[in-house]
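S.K.: Input: one structure, supplied below.
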Amino acid sequence: MYQPMPQDETRLDSVGLRSPQLMVALGGRGEEDTALVRAAHRHAQREGVRWRAVHVDNGRAGPRQRLALDQVLALVNRLGGEVRILQGAGRARELHEYAVEQGVASLMVGRTRPSGWRFWRRPLAERLLRYGGAYDLVVVAEARQRRRFRPVRRRQPLGWREGGVVAGSFIVALVVAWAFEFWLELANLSLIFLAAVLASATLAGTRAAMVSAALGFLAFNFLFTQPRFSLAMVEREQLLTVIFFLLVAVVVGQLAGSGRHRLMALRSSREQSHRLLTFSRALSVATDRGQVRDVGVTTLERWLGVPVVFLDDDAAEGGLAVRVAVPANARLGAAEEAAAAWSWQQRKPSGIGTATQSSLRWRFIPLVEQERILGIVGLELAVRERPLGPDRETLITTLTRQLGMALERTRLVAELGASRLSEENERLRSALLSSVSHDLRTPLASIIGSASSLRDLEPQLSRADRRELLDGILSESERLNRYIQNLLDMTRLGHGSLKLERDWVSFDDLVTAALQRLGASLETVRVEREGAGGLPLLYVHPALIEQALVNVIDNAVRFSPADGRVRIHARLDEAREWLEIRITDEGPGIPPEQRKEVFDMFFTGGEGDRGRHGSGLGLAICRGMLGAHGGSIKALPGPDGQGTTIVMYLPVAQEEHTHDDD
């Protein structure tokens, strides 16, 4: 047992992650690796350390081993571990060097021993002990020990394609060797049969190469060595030539077949990676649960060639309901619905190819993320002519896993959006209550005070005093009416019920009407109007544009100092397509960071509801009214940086194009 490194030492590995304190070595064997991963998870939780599962890929793993490894790696991710795949032929050396490089404190391996006739291969733990290292070597006793002699797998005979490649390459080599027999020496003739072995390995794999090597050995011995047409050989040189040919053919065939196997595996992996990347991109652009569900079901149906359904909880019916089916006529029977309900409750797969109700035509896979079930994917695998291979099983597992993660993402996004909407509604509700409580109470208090004075003190009041009180009541009533009108306009804008009743009107008439509505509030400032003459008629909703002008001019008057100047200037742009209206005051101005926020509802500049900013609805209503006409509004600094200029843009309609709008 080796001394562990200090646990407070941290390093960064090649991918930029913090080095783990515990590393578990996976061997590509499902049951043993599962036990190792669970033991590592328990140890990491008990010690409170990070852990990582490492597998050394030597390129010789078959489809079933890759499927088992994918399932174990998925378990590692679910249990909170990290995954790293190393490339190399020597498993013990690669694990040792990686553990030393990362500075892990403990290396966990399974309790294994060599199997079969390869007695010279020592267990992994013994091989790691020979290297030595500054880490604890932990052998998990509960990891299932392999049997010494494993049953020999029954190999399938050569298929038609493999047999054809072997026969064709052998016949071609035999004909060529016979043709060049008198031109080449015996050793050179063997190269022709060696070429046949290479061709068989490249086109059909290792088994075909071995068969081609055996046929070449027999034909070479029977037809080209002395005595002819006999397997016996009397010359030592010929015997050595035939033996070396067989050895070289076996080695070359193994290497070429292994290279072909690696190439096919790489091609399959690249194709599957491309499919998964395409699937991930399609899921990433899906914005809601329905789109993610449709993408997942359609992709599974296209790549597997089987009917696919997606089931989800139906609150109205109190059970599962089919949300999407591809093709649309795919239906589930009573037994299939019961199996889907069992998968929903137990969160385990059921149906064909599983341990539960394997006689069914469908397989049901629950999508579980963060201990939450998000739906059931159903696959009618019985329609396939051949059962699914390990690669297809891995594809199904990966696709359903990505679909589950995408559904979880849309759920979290929806919850976040609902939370933000709730916060925004609460903020608007608070602002509305605060604004209403102030902007309604202030004019009402003034009206009530003036009215009570007229009633109780009428004999003592002069005619001028009574007129002043009545003017105050009228002014505050008009102010209250404007505020209520703003609330009604904002409500109509928010619900989309604002209808434009357009008519031809001059801009000068709109400004005059707005100034008349403001009345006595304009007595403290000087209003200057420029550019109203010579402008074309506007085809707008007169009342709405008038209200927008009232709100902007009222703001300018409220912020202007006593005897200040409010300037109203209008002009056409160069193309005579837009009317630009500038309303400038001499107030304190708007900070640059607030020039966009002033058009939001209930924005009052930070002074609360009791400042002179008002309710924070006026400019928001202006933006909505101008937007309904296709216009816009923005805030700019005043001339020489003093005051504020509110710029409004309205489109100028041509009279001949307006008849369709009437």
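If you're wondering about the labels, chains in the structure tokens are A, B, ... by order shown, residues count from 1 in each chain, ligands from 1 in order shown.
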What's around Arg29 of chain A at 9 Å? Count only C-alpha atoms, leave out sequence neighbours fewer than 6 positions away in its own chain, and write the answer as a ChimeraX atom specification.

M.R.: /A:65,68-69,72

S.K.: Neighbours of segment 270-287 of chain A within 10 Å (only C-alpha atoms; same-chain residues fewer than 6 positions away dropped), as an MDAnalysis selection string?

M.R.: chainID A and resid 264 293:296 299:300 303 391:392 394:395 398:399 402:403 405:407 409:410 413:414

S.K.: How would you write, as a PyMOL selection string, the set of residues in segment 152-371 of chain A that DSSP gives as alpha helix (DSSP H)?

M.R.: chain A and resi 160-179+186-204+206-224+236-285+289-304+334-346

S.K.: If you run DSSP over the backbone, which residues in segment 138-359 of chain A end up strand (DSSP E or B)? Put them as an mmCIF file with N, CA, C and O atoms, in the first residue's frame.

M.R.:
```
data_model
loop_
_atom_site.group_PDB
_atom_site.id
_atom_site.type_symbol
_atom_site.label_atom_id
_atom_site.label_comp_id
_atom_site.auth_asym_id
_atom_site.auth_seq_id
_atom_site.Cartn_x
_atom_site.Cartn_y
_atom_site.Cartn_z
ATOM 1 N N VAL A 138 -6.524 0.514 -4.257
ATOM 2 C CA VAL A 138 -7.672 -0.096 -3.591
ATOM 3 C C VAL A 138 -8.259 -1.161 -4.504
ATOM 4 O O VAL A 138 -8.623 -0.870 -5.652
ATOM 5 N N VAL A 139 -8.322 -2.404 -4.020
ATOM 6 C CA VAL A 139 -8.926 -3.507 -4.759
ATOM 7 C C VAL A 139 -10.308 -3.759 -4.176
ATOM 8 O O VAL A 139 -10.438 -4.059 -2.986
ATOM 9 N N VAL A 140 -11.338 -3.612 -5.006
ATOM 10 C CA VAL A 140 -12.719 -3.759 -4.535
ATOM 11 C C VAL A 140 -13.063 -5.237 -4.500
ATOM 12 O O VAL A 140 -13.085 -5.914 -5.534
ATOM 13 N N VAL A 308 -42.894 5.398 -33.613
ATOM 14 C CA VAL A 308 -42.490 5.977 -32.336
ATOM 15 C C VAL A 308 -43.650 6.801 -31.782
ATOM 16 O O VAL A 308 -44.317 7.519 -32.546
ATOM 17 N N VAL A 309 -43.884 6.690 -30.480
ATOM 18 C CA VAL A 309 -44.898 7.504 -29.807
ATOM 19 C C VAL A 309 -44.262 8.147 -28.581
ATOM 20 O O VAL A 309 -43.277 7.640 -28.039
ATOM 21 N N PHE A 310 -44.850 9.262 -28.177
ATOM 22 C CA PHE A 310 -44.426 9.942 -26.953
ATOM 23 C C PHE A 310 -45.646 10.073 -26.053
ATOM 24 O O PHE A 310 -46.673 10.622 -26.457
ATOM 25 N N LEU A 311 -45.521 9.561 -24.836
ATOM 26 C CA LEU A 311 -46.625 9.589 -23.880
ATOM 27 C C LEU A 311 -46.272 10.509 -22.729
ATOM 28 O O LEU A 311 -45.117 10.584 -22.291
ATOM 29 N N ASP A 312 -47.301 11.181 -22.235
ATOM 30 C CA ASP A 312 -47.122 12.109 -21.116
ATOM 31 C C ASP A 312 -48.335 12.026 -20.208
ATOM 32 O O ASP A 312 -49.389 11.515 -20.591
ATOM 33 N N ASP A 313 -48.180 12.546 -19.015
ATOM 34 C CA ASP A 313 -49.258 12.514 -18.037
ATOM 35 C C ASP A 313 -50.387 13.435 -18.476
ATOM 36 O O ASP A 313 -50.149 14.583 -18.869
ATOM 37 N N ASP A 314 -51.608 12.921 -18.429
ATOM 38 C CA ASP A 314 -52.795 13.690 -18.798
ATOM 39 C C ASP A 314 -53.596 13.955 -17.530
ATOM 40 O O ASP A 314 -54.235 13.059 -16.976
ATOM 41 N N GLY A 319 -54.294 9.760 -16.382
ATOM 42 C CA GLY A 319 -53.425 8.680 -16.835
ATOM 43 C C GLY A 319 -52.490 9.182 -17.905
ATOM 44 O O GLY A 319 -52.276 10.390 -18.056
ATOM 45 N N LEU A 320 -51.898 8.240 -18.657
ATOM 46 C CA LEU A 320 -51.000 8.603 -19.735
ATOM 47 C C LEU A 320 -51.768 8.808 -21.030
ATOM 48 O O LEU A 320 -52.759 8.122 -21.291
ATOM 49 N N ALA A 321 -51.288 9.740 -21.842
ATOM 50 C CA ALA A 321 -51.906 10.024 -23.131
ATOM 51 C C ALA A 321 -50.812 10.158 -24.178
ATOM 52 O O ALA A 321 -49.716 10.653 -23.894
ATOM 53 N N VAL A 322 -51.102 9.701 -25.393
ATOM 54 C CA VAL A 322 -50.158 9.809 -26.501
ATOM 55 C C VAL A 322 -50.191 11.243 -27.021
ATOM 56 O O VAL A 322 -51.204 11.708 -27.540
ATOM 57 N N ARG A 323 -49.065 11.946 -26.886
ATOM 58 C CA ARG A 323 -48.983 13.335 -27.332
ATOM 59 C C ARG A 323 -48.568 13.437 -28.792
ATOM 60 O O ARG A 323 -49.080 14.271 -29.529
ATOM 61 N N VAL A 324 -47.611 12.591 -29.206
ATOM 62 C CA VAL A 324 -47.108 12.616 -30.573
ATOM 63 C C VAL A 324 -46.948 11.174 -31.032
ATOM 64 O O VAL A 324 -46.485 10.318 -30.261
ATOM 65 N N ALA A 325 -47.332 10.894 -32.268
ATOM 66 C CA ALA A 325 -47.145 9.570 -32.864
ATOM 67 C C ALA A 325 -46.641 9.733 -34.292
ATOM 68 O O ALA A 325 -47.196 10.519 -35.064
ATOM 69 N N VAL A 326 -45.565 9.038 -34.624
ATOM 70 C CA VAL A 326 -45.010 9.051 -35.980
ATOM 71 C C VAL A 326 -44.786 7.604 -36.403
ATOM 72 O O VAL A 326 -44.014 6.885 -35.767
ATOM 73 N N SER A 350 -39.677 -1.156 -20.219
ATOM 74 C CA SER A 350 -40.500 -2.359 -20.292
ATOM 75 C C SER A 350 -40.773 -2.669 -21.758
ATOM 76 O O SER A 350 -40.581 -1.831 -22.634
ATOM 77 N N GLY A 351 -41.229 -3.910 -22.002
ATOM 78 C CA GLY A 351 -41.566 -4.314 -23.356
ATOM 79 C C GLY A 351 -40.472 -5.133 -23.998
ATOM 80 O O GLY A 351 -39.611 -5.722 -23.315
#
```

S.K.: Which polymer residues have any atom within 9 Å of an atom of Arg207 of chain A, counting only C-alpha atoms, with same-chain residues fewer than 4 positions away left out, as JSON, numbers by chain?

M.R.: {"A": [158, 162, 200, 201, 211, 212, 253, 254, 257]}

S.K.: Please produce an output containing all heavy atoms for each residue in the selection, written as an mmCIF file, in the first residue's frame.

M.R.:
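Written file, out_7.cif:
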```cif
data_model
loop_
_atom_site.group_PDB
_atom_site.id
_atom_site.type_symbol
_atom_site.label_atom_id
_atom_site.label_comp_id
_atom_site.auth_asym_id
_atom_site.auth_seq_id
_atom_site.Cartn_x
_atom_site.Cartn_y
_atom_site.Cartn_z
ATOM 1 N N LEU A 158 -18.504 -17.965 -42.312
ATOM 2 C CA LEU A 158 -18.266 -16.873 -43.261
ATOM 3 C C LEU A 158 -19.516 -16.602 -44.086
ATOM 4 O O LEU A 158 -20.183 -17.523 -44.558
ATOM 5 C CB LEU A 158 -17.115 -17.234 -44.202
ATOM 6 C CG LEU A 158 -15.710 -17.247 -43.591
ATOM 7 C CD1 LEU A 158 -14.701 -17.678 -44.642
ATOM 8 C CD2 LEU A 158 -15.344 -15.896 -43.022
ATOM 9 N N GLU A 162 -17.906 -12.459 -47.479
ATOM 10 C CA GLU A 162 -16.569 -12.878 -47.072
ATOM 11 C C GLU A 162 -16.079 -14.058 -47.918
ATOM 12 O O GLU A 162 -14.920 -14.089 -48.358
ATOM 13 C CB GLU A 162 -16.574 -13.263 -45.593
ATOM 14 C CG GLU A 162 -16.818 -12.085 -44.654
ATOM 15 C CD GLU A 162 -16.905 -12.526 -43.218
ATOM 16 O OE1 GLU A 162 -17.709 -13.435 -42.921
ATOM 17 O OE2 GLU A 162 -16.162 -11.968 -42.386
ATOM 18 N N SER A 200 -7.927 -9.865 -48.881
ATOM 19 C CA SER A 200 -9.021 -10.443 -48.093
ATOM 20 C C SER A 200 -9.194 -9.701 -46.778
ATOM 21 O O SER A 200 -10.316 -9.430 -46.338
ATOM 22 C CB SER A 200 -8.744 -11.931 -47.832
ATOM 23 O OG SER A 200 -8.647 -12.647 -49.051
ATOM 24 N N ALA A 201 -8.071 -9.371 -46.127
ATOM 25 C CA ALA A 201 -8.154 -8.647 -44.858
ATOM 26 C C ALA A 201 -8.747 -7.259 -45.042
ATOM 27 O O ALA A 201 -9.554 -6.788 -44.231
ATOM 28 C CB ALA A 201 -6.770 -8.549 -44.223
ATOM 29 N N VAL A 211 -8.479 -17.429 -43.510
ATOM 30 C CA VAL A 211 -8.875 -18.470 -44.463
ATOM 31 C C VAL A 211 -8.040 -18.368 -45.730
ATOM 32 O O VAL A 211 -7.568 -19.376 -46.288
ATOM 33 C CB VAL A 211 -10.376 -18.371 -44.776
ATOM 34 C CG1 VAL A 211 -10.766 -19.354 -45.875
ATOM 35 C CG2 VAL A 211 -11.198 -18.632 -43.528
ATOM 36 N N SER A 212 -7.828 -17.120 -46.208
ATOM 37 C CA SER A 212 -7.021 -16.924 -47.407
ATOM 38 C C SER A 212 -5.580 -17.356 -47.172
ATOM 39 O O SER A 212 -4.936 -17.944 -48.057
ATOM 40 C CB SER A 212 -7.071 -15.459 -47.838
ATOM 41 O OG SER A 212 -6.310 -15.245 -48.998
ATOM 42 N N GLY A 253 -2.151 -10.643 -42.092
ATOM 43 C CA GLY A 253 -3.606 -10.718 -42.107
ATOM 44 C C GLY A 253 -4.221 -10.180 -40.832
ATOM 45 O O GLY A 253 -5.234 -9.471 -40.860
ATOM 46 N N GLN A 254 -3.600 -10.516 -39.679
ATOM 47 C CA GLN A 254 -4.107 -9.994 -38.401
ATOM 48 C C GLN A 254 -4.015 -8.472 -38.355
ATOM 49 O O GLN A 254 -4.954 -7.787 -37.956
ATOM 50 C CB GLN A 254 -3.314 -10.605 -37.244
ATOM 51 C CG GLN A 254 -3.596 -12.072 -36.987
ATOM 52 C CD GLN A 254 -4.895 -12.273 -36.220
ATOM 53 O OE1 GLN A 254 -5.510 -11.320 -35.747
ATOM 54 N NE2 GLN A 254 -5.319 -13.522 -36.124
ATOM 55 N N GLY A 257 -6.449 -6.937 -40.925
ATOM 56 C CA GLY A 257 -7.821 -7.082 -40.444
ATOM 57 C C GLY A 257 -8.114 -6.166 -39.279
ATOM 58 O O GLY A 257 -9.201 -5.583 -39.182
#
```

S.K.: Excluding Ala548 of chain A and any residue of its chain fewer than 5 positions from it, enumerate the residues within 10 Å of it, using only C-alpha atoms, and give them as a PyMOL selection string.

M.R.: chain A and resi 486+514+542-543+553-554+618-626+648

S.K.: List the spatial neighbours of segment 378-385 of chain A as number ranges by chain - criterion: any atom at most 9 Å away, only C-alpha atoms, same-chain residues fewer than 4 positions off excluded.

M.R.: A: 300-301, 304-311, 340, 352-353, 360-366

S.K.: Which residues come within 8 Å of Ala53 of chain A, counting only C-alpha atoms, excluding same-chain residues fewer than 2 positions away, as a list in words?

M.R.: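 What passes the distance filter is Met23, Val24, Ala25, Leu26, Val37, Trp51, His55, Leu73, Val76, Gly81, Glu82, Val83 and Arg84 of chain A.
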
S.K.: Export, as a PDB file, in the first residue's frame, the selected residues with C-alpha atoms.

M.R.:
```pdb
ATOM      1  CA  MET A  23      -9.820   7.414  -9.711  1.00  0.00           C
ATOM      2  CA  VAL A  24     -11.574   4.177 -10.667  1.00  0.00           C
ATOM      3  CA  ALA A  25     -10.263   1.987 -13.507  1.00  0.00           C
ATOM      4  CA  LEU A  26     -12.952   0.615 -15.839  1.00  0.00           C
ATOM      5  CA  VAL A  37     -18.527   2.681  -9.993  1.00  0.00           C
ATOM      6  CA  TRP A  51     -13.799  11.103  -8.347  1.00  0.00           C
ATOM      7  CA  HIS A  55     -11.105   3.625 -19.305  1.00  0.00           C
ATOM      8  CA  LEU A  73     -20.340   5.833 -18.314  1.00  0.00           C
ATOM      9  CA  VAL A  76     -20.941   7.586 -13.737  1.00  0.00           C
ATOM     10  CA  GLY A  81     -18.457  11.452 -11.376  1.00  0.00           C
ATOM     11  CA  GLU A  82     -16.253  12.525 -14.269  1.00  0.00           C
ATOM     12  CA  VAL A  83     -15.298  10.414 -17.296  1.00  0.00           C
ATOM     13  CA  ARG A  84     -11.997  10.180 -19.154  1.00  0.00           C
TER      14      ARG A  84
END
```

S.K.: If we count only C-alpha atoms, what is near segment 230-243 of chain A at a cut-off of 8 Å, once residues fewer than 6 positions away on the same chain are taken out, given as a ChimeraX atom specification?

M.R.: /A:186-187,190,217-218,220-223
